[in-house]
Every structure is written in structure tokens, then in C-alpha cells.
Amino acid sequence: MERDAVDGDLLDCPWVPVCISGSQLLAKTWFGDTAYRILLTDLHSVWEEEMDTRAIQDRAQELNRRLRAPVHAFFSHMCEVAQPCLSGRVEDGGEPQFSLNHHGGDINLKLKSELAGVPFYWEFRSTPAPVALVCSQLVRPLLLMSRLLQRQVGQLGALLARKDTELQDYRDNGAVLSRERLQTELFEEQSYRENFLTQTVPQVCARQGSLGFDSELQELYSAVTSYGNTNARKRKISERHAPEEDQSTTKDRDPNHAASGTQPPGEEVNHGLDQGDKRQTGRGVRARTTDSERPNEEQTAVPMAAAADRPPARPKKKKAKGLFG
């Protein structure tokens with residue numbers, strides 16, 4: 001399974017309140033063709049499990065000794081019996097039988113059902129989830145939802161203020177309400193916020209035992225995560241193409257690359273020679289002087305000039321041979 005793809009699919013799934021063996025949990029599950037991912041939380045801890053085809057095959061053989069079927073043959077059955085329970089849609093006393101056990105810091109969900117007349121057993125063995133996963137699947141979406149709701153409250157407050165101004169304009173022009181019960185007071189945002197903190201907040205906090213989102217919050221959560229998934233996919237696509245574009249741009253702008261691709265070795269040295277030096281030699285045929293030859297020219301140029309300044313040396317006398325035995 002590709003980790004990024006599974007994380008994105010799991011992010012699109014909602015958090016659903018479930019009750020298993022008397023324990024209130026929030027569950028988030030994703031089932032693929034022959035793979036699944038599950039997240040569970042009691043708002044004190046978060047557990048996860050991720051299983052691919054090979055791992056499912058091994059665990060099925062461990063829990064069902066007589067099972068010889070391939071994964072795709074029994075995985076659909078497991079999804080049919082597990083998904084309703086993990087989405088809170090199983091009625092009391094109905095099949096399948098689910099039980100929850102704690103093992104140290106882990107949490108196990110045991111499933112018992114019947115497949116083709118034979119008992120079928122399965123266990124969801126969830127371990128503590130990493131912090132990064134908790135942040136991406138729960139913390140960041142909730143923070144973004146809070147920010148959006150705060151902005152919505154601000155927009156609604158501004159709308160009420162404009163409505164009050166509109167109603168006051170009607171009154172100033174002689175308009176009268178036909179029903180007294182429709183009379184309202186002017187909206188004051190500061191007093192409304194104070195009443196909300198002192199009256200509404202305590203009522204909501206007193207019911208902390210109820211887990212999950214209502215339909216409107218669930219819709220907002222889905223919108224937030226869907227938008228985040230789309231942006232994440234766009235960023236990954238752009239990151240894949242960015243290195244290729246950078247390499248091509250670097251090749252186009254690199255002068256050394258362009259020179260090495262169009263000029264033979266040695267021409268760079270020739271471009272550095274002075275035009276007067278070419279006239280002085282009378283040929284200008286040293287266009288292919290290499291880097292190894294140029295230092296030798298510079299070393300021999302100085303001695304030649306020094307020799308021209310010295311007076312000519314006297315010719316040496318030749319020794320007569322054969323005159324003195």
C-alpha cells in the first residue's frame with residue numbers, strides 16, 4: 001500500500017461514535033480491496049492498525065486453522081460484518097459478535113461471525129498511533145474547523161448589525177411592526193459573547209461524555225479534509241515535477257555547460273589571448289593552444305626578453321689540437 005494514498009483515503013472518512021463492550025469510542029475506518037486502516041480513540045488515547053494483503057492472510061491463518069481460501073475470498077465477508085459495527089449501525093443482540101480487550105497500551109477488537117457455515121474469527125489489533133497521524137487526522141482538522149466557525153460567527157454578527165441598521169431606517173421613516181412579538185433588541189456583539197461564555201459554554205461542557213459530531217459538524221469536517229487532501233495532492237505533483245524543471249533550467253542558464261557543448265577543448269584559452277599577441281607572432285595559428293601549453297609560454301617569455309637586453313658574449317677561442325703532442 002502507498003502510505004500517502006492510504007492517508008488521504010483515511011482522511012476523507014468520518015469519525016463515527018461506536019459503543020463496543022460498553023466502551024464509548026470514536027472510530028475512523030477505511031477498507032480497500034484487500035487492505036484496511038482503522039483508527040480508534042476514547043479521547044484519552046488514539047490507536048491505529050494498518051493491514052495489507054499479506055498481513056491479512058497470515059492473521060487469518062493464525063486465527064482460523066482450517067481456512068485455505070485466498071484473501072479476496074473472505075475479506076469481503078469480513079468487511080460486511082465489521083463495517084456496520086465500526087460505523088455504529090449494529091443493533092443490540094445482532095451478529096456479528098464484537099468484544100473489546102485492553103492489552104497494556106494496545107486495544108484489541110475481537111470479531112466472531114460465520115462464513116459458509118463455519119465459524120470465522122478476526123482480531124483488530126490496534127497499537128498507539130504516532131503523534132503525526134493524530135495531528136493530521138484529528139487535531140489539524142479540528143483547529144481549522146474552529147477557525148472557520150469563528151469566522152462564520154463574525155460574519156453573522158456583521159450581518160445582524162446591518163439588519164439592525166436597516167430596521168432602524170424603516171422606523172425613522174415611519175414604519176411600524178404589525179406584531180409586537182416580532183420586536184427585537186439591537187444586537188450588541190460584546191454582550192452576546194459574554195452571555196455565550198457564561199451560559200452556553202457550561203451547558204456544552206457538562207455533556208462531555210457524548211462523543212462524535214452532529215451532521216452539520218460532520219459535513220464541515222468532510223469539507224475541510226477534502227480541501228486539504230486536494231491541496232496535498234497538488235503539492236506532491238508539483239514537487240515531483242520541480243526537480244526536472246530545475247535541472248533543465250540550470251542547463252539552459254549555465255554558460256560553462258553551453259561552452260563545453262559547442263566548443264572544442266582549448267578554445268577557451270584562445271579567447272583569452274590578446275589580439276596584439278597574435279599580430280606579434282605573425283601567424284595567429286595558435287588557436288588550439290591547450291591549458292597545459294599556456295603556462296610554458298608564460299615561463300619562457302621572460303627569459304627571452306632578458307636575453308635580448310644582455311650584450312653579446314665574446315666568441316670562445318678554439319683550442320688548437322695537435323700542436324703540443
# chains A, B, ... in the order shown; residues from 1 in each chain; ligands from 1

$ residues_around --residues "Arg66 (chain A)" --least-positions-apart "4" --cutoff "12 Å" --atoms "only C-alpha atoms" --output "number ranges by chain"
A: 60-62, 118-121

$ select_by_dssp --residues "region 42-194 of chain A" --states "strand (DSSP E or B)" --output "PyMOL selection string"
chain A and resi 46-51+97-103+106-115+118-128

$ write_last_selection --atoms "C-alpha atoms" --output "PDB file, in the first residue's frame"
ATOM      1  CA  VAL A  46      -5.574   7.017  19.960  1.00  0.00           C
ATOM      2  CA  TRP A  47      -4.895   3.586  18.445  1.00  0.00           C
ATOM      3  CA  GLU A  48      -4.339   2.522  14.863  1.00  0.00           C
ATOM      4  CA  GLU A  49      -3.860  -0.559  12.721  1.00  0.00           C
ATOM      5  CA  GLU A  50      -2.884  -0.875   9.069  1.00  0.00           C
ATOM      6  CA  MET A  51      -3.014  -4.223   7.271  1.00  0.00           C
ATOM      7  CA  GLN A  97     -20.196 -10.598  17.975  1.00  0.00           C
ATOM      8  CA  PHE A  98     -17.725  -7.876  18.830  1.00  0.00           C
ATOM      9  CA  SER A  99     -15.686  -7.646  22.016  1.00  0.00           C
ATOM     10  CA  LEU A 100     -13.031  -5.208  23.185  1.00  0.00           C
ATOM     11  CA  ASN A 101      -9.953  -6.020  25.261  1.00  0.00           C
ATOM     12  CA  HIS A 102      -7.038  -3.904  26.505  1.00  0.00           C
ATOM     13  CA  HIS A 103      -3.543  -5.382  26.490  1.00  0.00           C
ATOM     14  CA  ASP A 106      -2.845  -1.744  22.971  1.00  0.00           C
ATOM     15  CA  ILE A 107      -6.508  -2.352  22.228  1.00  0.00           C
ATOM     16  CA  ASN A 108      -7.961  -5.429  20.517  1.00  0.00           C
ATOM     17  CA  LEU A 109     -11.346  -5.792  18.856  1.00  0.00           C
ATOM     18  CA  LYS A 110     -12.357  -9.429  18.510  1.00  0.00           C
ATOM     19  CA  LEU A 111     -14.865 -10.369  15.839  1.00  0.00           C
ATOM     20  CA  LYS A 112     -16.762 -13.679  15.615  1.00  0.00           C
ATOM     21  CA  SER A 113     -19.026 -14.457  12.661  1.00  0.00           C
ATOM     22  CA  GLU A 114     -19.929 -17.337  10.384  1.00  0.00           C
ATOM     23  CA  LEU A 115     -18.536 -17.878   6.892  1.00  0.00           C
ATOM     24  CA  VAL A 118     -18.024 -22.350   9.574  1.00  0.00           C
ATOM     25  CA  PRO A 119     -17.056 -20.010  12.436  1.00  0.00           C
ATOM     26  CA  PHE A 120     -14.829 -17.158  11.276  1.00  0.00           C
ATOM     27  CA  TYR A 121     -12.661 -15.248  13.744  1.00  0.00           C
ATOM     28  CA  TRP A 122     -10.842 -11.962  13.333  1.00  0.00           C
ATOM     29  CA  GLU A 123      -8.990  -9.511  15.575  1.00  0.00           C
ATOM     30  CA  PHE A 124      -8.258  -5.838  15.022  1.00  0.00           C
ATOM     31  CA  ARG A 125      -5.017  -5.374  16.972  1.00  0.00           C
ATOM     32  CA  SER A 126      -4.516  -1.659  17.338  1.00  0.00           C
ATOM     33  CA  THR A 127      -1.416  -0.033  18.802  1.00  0.00           C
ATOM     34  CA  PRO A 128      -0.886   3.566  19.969  1.00  0.00           C
TER      35      PRO A 128
END

$ atom_distance --atom1 "CA of Arg162 (chain A)" --atom2 "CA of Leu186 (chain A)"
10.5 Å

$ atom_distance --atom1 "CA of Asp172 (chain A)" --atom2 "CA of Val153 (chain A)"
28.7 Å

$ closest_residue --among "A:Thr34, A:Ser146, A:Thr53, A:Ser21" --to "Tyr221 (chain A)" --atoms "only C-alpha atoms"
A:Ser146

$ closest_residue --among "A:Gly212, A:Gly8, A:Pro17, A:Gly104" --to "Trp30 (chain A)" --atoms "only C-alpha atoms"
A:Gly8

$ residues_around --residues "region 12-15 of chain A" --least-positions-apart "4" --cutoff "7 Å" --atoms "only C-alpha atoms" --output "mmCIF file with all heavy atoms, in the first residue's frame"
data_model
loop_
_atom_site.group_PDB
_atom_site.id
_atom_site.type_symbol
_atom_site.label_atom_id
_atom_site.label_comp_id
_atom_site.auth_asym_id
_atom_site.auth_seq_id
_atom_site.Cartn_x
_atom_site.Cartn_y
_atom_site.Cartn_z
ATOM 1 N N GLY A 8 -4.555 9.710 2.627
ATOM 2 C CA GLY A 8 -5.556 10.580 2.024
ATOM 3 C C GLY A 8 -6.944 9.967 2.038
ATOM 4 O O GLY A 8 -7.932 10.642 2.333
ATOM 5 N N LEU A 26 -14.587 6.705 19.355
ATOM 6 C CA LEU A 26 -14.719 7.288 18.023
ATOM 7 C C LEU A 26 -13.888 6.439 17.078
ATOM 8 O O LEU A 26 -12.721 6.141 17.365
ATOM 9 C CB LEU A 26 -14.224 8.732 18.000
ATOM 10 C CG LEU A 26 -15.151 9.820 18.541
ATOM 11 C CD1 LEU A 26 -14.449 11.174 18.511
ATOM 12 C CD2 LEU A 26 -16.443 9.887 17.750
ATOM 13 N N ALA A 27 -14.476 6.041 15.974
ATOM 14 C CA ALA A 27 -13.802 5.165 15.018
ATOM 15 C C ALA A 27 -13.732 5.837 13.653
ATOM 16 O O ALA A 27 -14.671 6.502 13.213
ATOM 17 C CB ALA A 27 -14.523 3.825 14.910
ATOM 18 N N LYS A 28 -12.619 5.605 12.995
ATOM 19 C CA LYS A 28 -12.429 6.062 11.612
ATOM 20 C C LYS A 28 -11.816 4.886 10.868
ATOM 21 O O LYS A 28 -10.724 4.423 11.214
ATOM 22 C CB LYS A 28 -11.507 7.285 11.581
ATOM 23 C CG LYS A 28 -11.191 7.794 10.182
ATOM 24 C CD LYS A 28 -10.071 8.838 10.228
ATOM 25 C CE LYS A 28 -10.600 10.224 10.461
ATOM 26 N NZ LYS A 28 -11.008 10.886 9.210
ATOM 27 N N THR A 29 -12.506 4.388 9.870
ATOM 28 C CA THR A 29 -12.061 3.177 9.181
ATOM 29 C C THR A 29 -12.052 3.379 7.678
ATOM 30 O O THR A 29 -12.881 4.111 7.122
ATOM 31 C CB THR A 29 -12.971 1.979 9.520
ATOM 32 O OG1 THR A 29 -14.326 2.313 9.188
ATOM 33 C CG2 THR A 29 -12.887 1.629 10.995
ATOM 34 N N TRP A 30 -11.097 2.730 7.038
ATOM 35 C CA TRP A 30 -11.020 2.679 5.578
ATOM 36 C C TRP A 30 -10.764 1.236 5.163
ATOM 37 O O TRP A 30 -9.855 0.578 5.661
ATOM 38 C CB TRP A 30 -9.895 3.563 5.065
ATOM 39 C CG TRP A 30 -9.628 3.378 3.593
ATOM 40 C CD1 TRP A 30 -10.298 3.955 2.562
ATOM 41 C CD2 TRP A 30 -8.626 2.536 3.015
ATOM 42 N NE1 TRP A 30 -9.780 3.529 1.362
ATOM 43 C CE2 TRP A 30 -8.752 2.656 1.606
ATOM 44 C CE3 TRP A 30 -7.646 1.699 3.538
ATOM 45 C CZ2 TRP A 30 -7.920 1.969 0.735
ATOM 46 C CZ3 TRP A 30 -6.825 1.001 2.661
ATOM 47 C CH2 TRP A 30 -6.969 1.145 1.271
ATOM 48 N N GLY A 212 -18.378 12.380 19.234
ATOM 49 C CA GLY A 212 -18.778 12.480 17.835
ATOM 50 C C GLY A 212 -19.293 13.846 17.452
ATOM 51 O O GLY A 212 -19.458 14.745 18.281
ATOM 52 N N GLN A 218 -20.107 17.188 11.002
ATOM 53 C CA GLN A 218 -19.541 16.139 10.169
ATOM 54 C C GLN A 218 -19.382 16.626 8.731
ATOM 55 O O GLN A 218 -18.386 16.328 8.058
ATOM 56 C CB GLN A 218 -20.440 14.910 10.208
ATOM 57 C CG GLN A 218 -19.788 13.646 9.696
ATOM 58 C CD GLN A 218 -18.660 13.181 10.591
ATOM 59 O OE1 GLN A 218 -17.491 13.450 10.294
ATOM 60 N NE2 GLN A 218 -18.987 12.491 11.665
ATOM 61 N N SER A 222 -15.826 17.004 6.737
ATOM 62 C CA SER A 222 -15.587 16.429 5.409
ATOM 63 C C SER A 222 -15.111 17.480 4.420
ATOM 64 O O SER A 222 -14.220 17.225 3.603
ATOM 65 C CB SER A 222 -16.867 15.751 4.900
ATOM 66 O OG SER A 222 -17.275 14.711 5.761
ATOM 67 N N THR A 225 -11.346 18.373 5.323
ATOM 68 C CA THR A 225 -10.386 17.338 4.961
ATOM 69 C C THR A 225 -10.310 17.129 3.456
ATOM 70 O O THR A 225 -9.241 16.854 2.913
ATOM 71 C CB THR A 225 -10.768 16.011 5.640
ATOM 72 O OG1 THR A 225 -12.131 15.681 5.317
ATOM 73 C CG2 THR A 225 -10.634 16.124 7.146
ATOM 74 N N SER A 226 -11.442 17.262 2.759
ATOM 75 C CA SER A 226 -11.421 17.106 1.309
ATOM 76 C C SER A 226 -10.591 18.197 0.655
ATOM 77 O O SER A 226 -9.791 17.939 -0.251
ATOM 78 C CB SER A 226 -12.856 17.124 0.768
ATOM 79 O OG SER A 226 -12.855 17.050 -0.636
#

$ select_by_dssp --residues "region 42-198 of chain A" --states "helix (DSSP H, G or I)" --output "JSON list (two decimals) with C-alpha atoms, in the first residue's frame"
[["chain", "number", "residue", "atom", "x", "y", "z"],
["A", 53, "THR", "CA", -2.94, -8.38, 1.81],
["A", 54, "ARG", "CA", -0.05, -10.47, 3.13],
["A", 55, "ALA", "CA", -0.64, -9.49, 6.75],
["A", 56, "ILE", "CA", -4.37, -10.27, 6.47],
["A", 57, "GLN", "CA", -3.59, -13.69, 5.00],
["A", 58, "ASP", "CA", -1.17, -14.53, 7.83],
["A", 59, "ARG", "CA", -3.56, -13.44, 10.60],
["A", 60, "ALA", "CA", -6.49, -15.29, 9.04],
["A", 61, "GLN", "CA", -4.42, -18.49, 9.02],
["A", 62, "GLU", "CA", -3.42, -17.86, 12.63],
["A", 63, "LEU", "CA", -7.00, -17.40, 13.87],
["A", 71, "VAL", "CA", -7.70, -13.16, 0.92],
["A", 72, "HIS", "CA", -10.21, -11.84, -1.61],
["A", 73, "ALA", "CA", -12.49, -14.82, -0.89],
["A", 74, "PHE", "CA", -13.10, -13.93, 2.79],
["A", 75, "PHE", "CA", -12.13, -10.25, 3.00],
["A", 76, "SER", "CA", -15.46, -9.09, 1.54],
["A", 77, "HIS", "CA", -17.25, -11.11, 4.21],
["A", 78, "MET", "CA", -15.12, -9.53, 6.93],
["A", 79, "CYS", "CA", -15.94, -6.05, 5.62],
["A", 80, "GLU", "CA", -19.66, -6.81, 5.53],
["A", 81, "VAL", "CA", -19.75, -7.89, 9.17],
["A", 82, "ALA", "CA", -17.20, -5.41, 10.59],
["A", 83, "GLN", "CA", -18.14, -2.15, 8.87],
["A", 84, "PRO", "CA", -21.68, -1.87, 10.34],
["A", 85, "CYS", "CA", -20.33, -2.28, 13.86],
["A", 86, "LEU", "CA", -17.49, 0.20, 13.30],
["A", 131, "VAL", "CA", 1.60, 11.91, 17.06],
["A", 132, "ALA", "CA", 1.91, 12.91, 13.39],
["A", 133, "LEU", "CA", -1.04, 10.70, 12.46],
["A", 134, "VAL", "CA", -3.19, 12.06, 15.31],
["A", 135, "CYS", "CA", -2.42, 15.62, 14.25],
["A", 136, "SER", "CA", -3.23, 15.02, 10.58],
["A", 137, "GLN", "CA", -6.43, 13.04, 11.19],
["A", 138, "LEU", "CA", -7.88, 14.87, 14.20],
["A", 139, "VAL", "CA", -6.03, 17.89, 15.59],
["A", 140, "ARG", "CA", -5.43, 19.95, 12.45],
["A", 141, "PRO", "CA", -8.95, 19.43, 11.02],
["A", 142, "LEU", "CA", -10.50, 20.42, 14.38],
["A", 143, "LEU", "CA", -8.37, 23.55, 14.62],
["A", 144, "LEU", "CA", -9.31, 24.53, 11.09],
["A", 145, "MET", "CA", -12.97, 23.86, 11.85],
["A", 146, "SER", "CA", -12.75, 26.11, 14.91],
["A", 147, "ARG", "CA", -11.24, 28.90, 12.82],
["A", 148, "LEU", "CA", -13.95, 28.57, 10.18],
["A", 149, "LEU", "CA", -16.72, 28.58, 12.78],
["A", 150, "GLN", "CA", -15.22, 31.66, 14.39],
["A", 151, "ARG", "CA", -15.18, 33.42, 11.03],
["A", 152, "GLN", "CA", -18.78, 32.36, 10.43],
["A", 153, "VAL", "CA", -19.81, 33.85, 13.79],
["A", 154, "GLY", "CA", -18.10, 37.11, 12.86],
["A", 155, "GLN", "CA", -19.88, 37.25, 9.52],
["A", 156, "LEU", "CA", -23.25, 36.55, 11.14],
["A", 157, "GLY", "CA", -22.62, 39.28, 13.73],
["A", 158, "ALA", "CA", -21.84, 41.76, 10.96],
["A", 159, "LEU", "CA", -24.99, 40.69, 9.13],
["A", 160, "LEU", "CA", -27.11, 41.28, 12.26],
["A", 161, "ALA", "CA", -25.62, 44.73, 12.68],
["A", 162, "ARG", "CA", -26.54, 45.63, 9.10],
["A", 163, "LYS", "CA", -30.06, 44.29, 9.63],
["A", 164, "ASP", "CA", -30.44, 46.45, 12.75],
["A", 165, "THR", "CA", -29.35, 49.48, 10.75],
["A", 166, "GLU", "CA", -31.87, 48.61, 8.05],
["A", 167, "LEU", "CA", -34.72, 48.21, 10.56],
["A", 168, "GLN", "CA", -33.83, 51.49, 12.24],
["A", 169, "ASP", "CA", -34.02, 53.21, 8.89],
["A", 170, "TYR", "CA", -37.54, 51.81, 8.42],
["A", 171, "ARG", "CA", -38.57, 53.13, 11.85],
["A", 172, "ASP", "CA", -37.14, 56.54, 11.11],
["A", 180, "GLU", "CA", -45.26, 43.27, 18.92],
["A", 181, "ARG", "CA", -43.80, 39.80, 19.36],
["A", 182, "LEU", "CA", -41.55, 40.47, 16.37],
["A", 189, "GLU", "CA", -21.68, 41.67, 19.88],
["A", 190, "GLN", "CA", -19.78, 42.17, 23.14],
["A", 191, "SER", "CA", -22.76, 41.42, 25.38],
["A", 192, "TYR", "CA", -23.69, 38.43, 23.22],
["A", 193, "ARG", "CA", -20.17, 37.00, 23.58],
["A", 194, "GLU", "CA", -20.25, 37.44, 27.36],
["A", 195, "ASN", "CA", -23.61, 35.68, 27.65],
["A", 196, "PHE", "CA", -22.37, 32.87, 25.42],
["A", 197, "LEU", "CA", -19.33, 32.25, 27.63],
["A", 198, "THR", "CA", -21.29, 32.35, 30.87]]
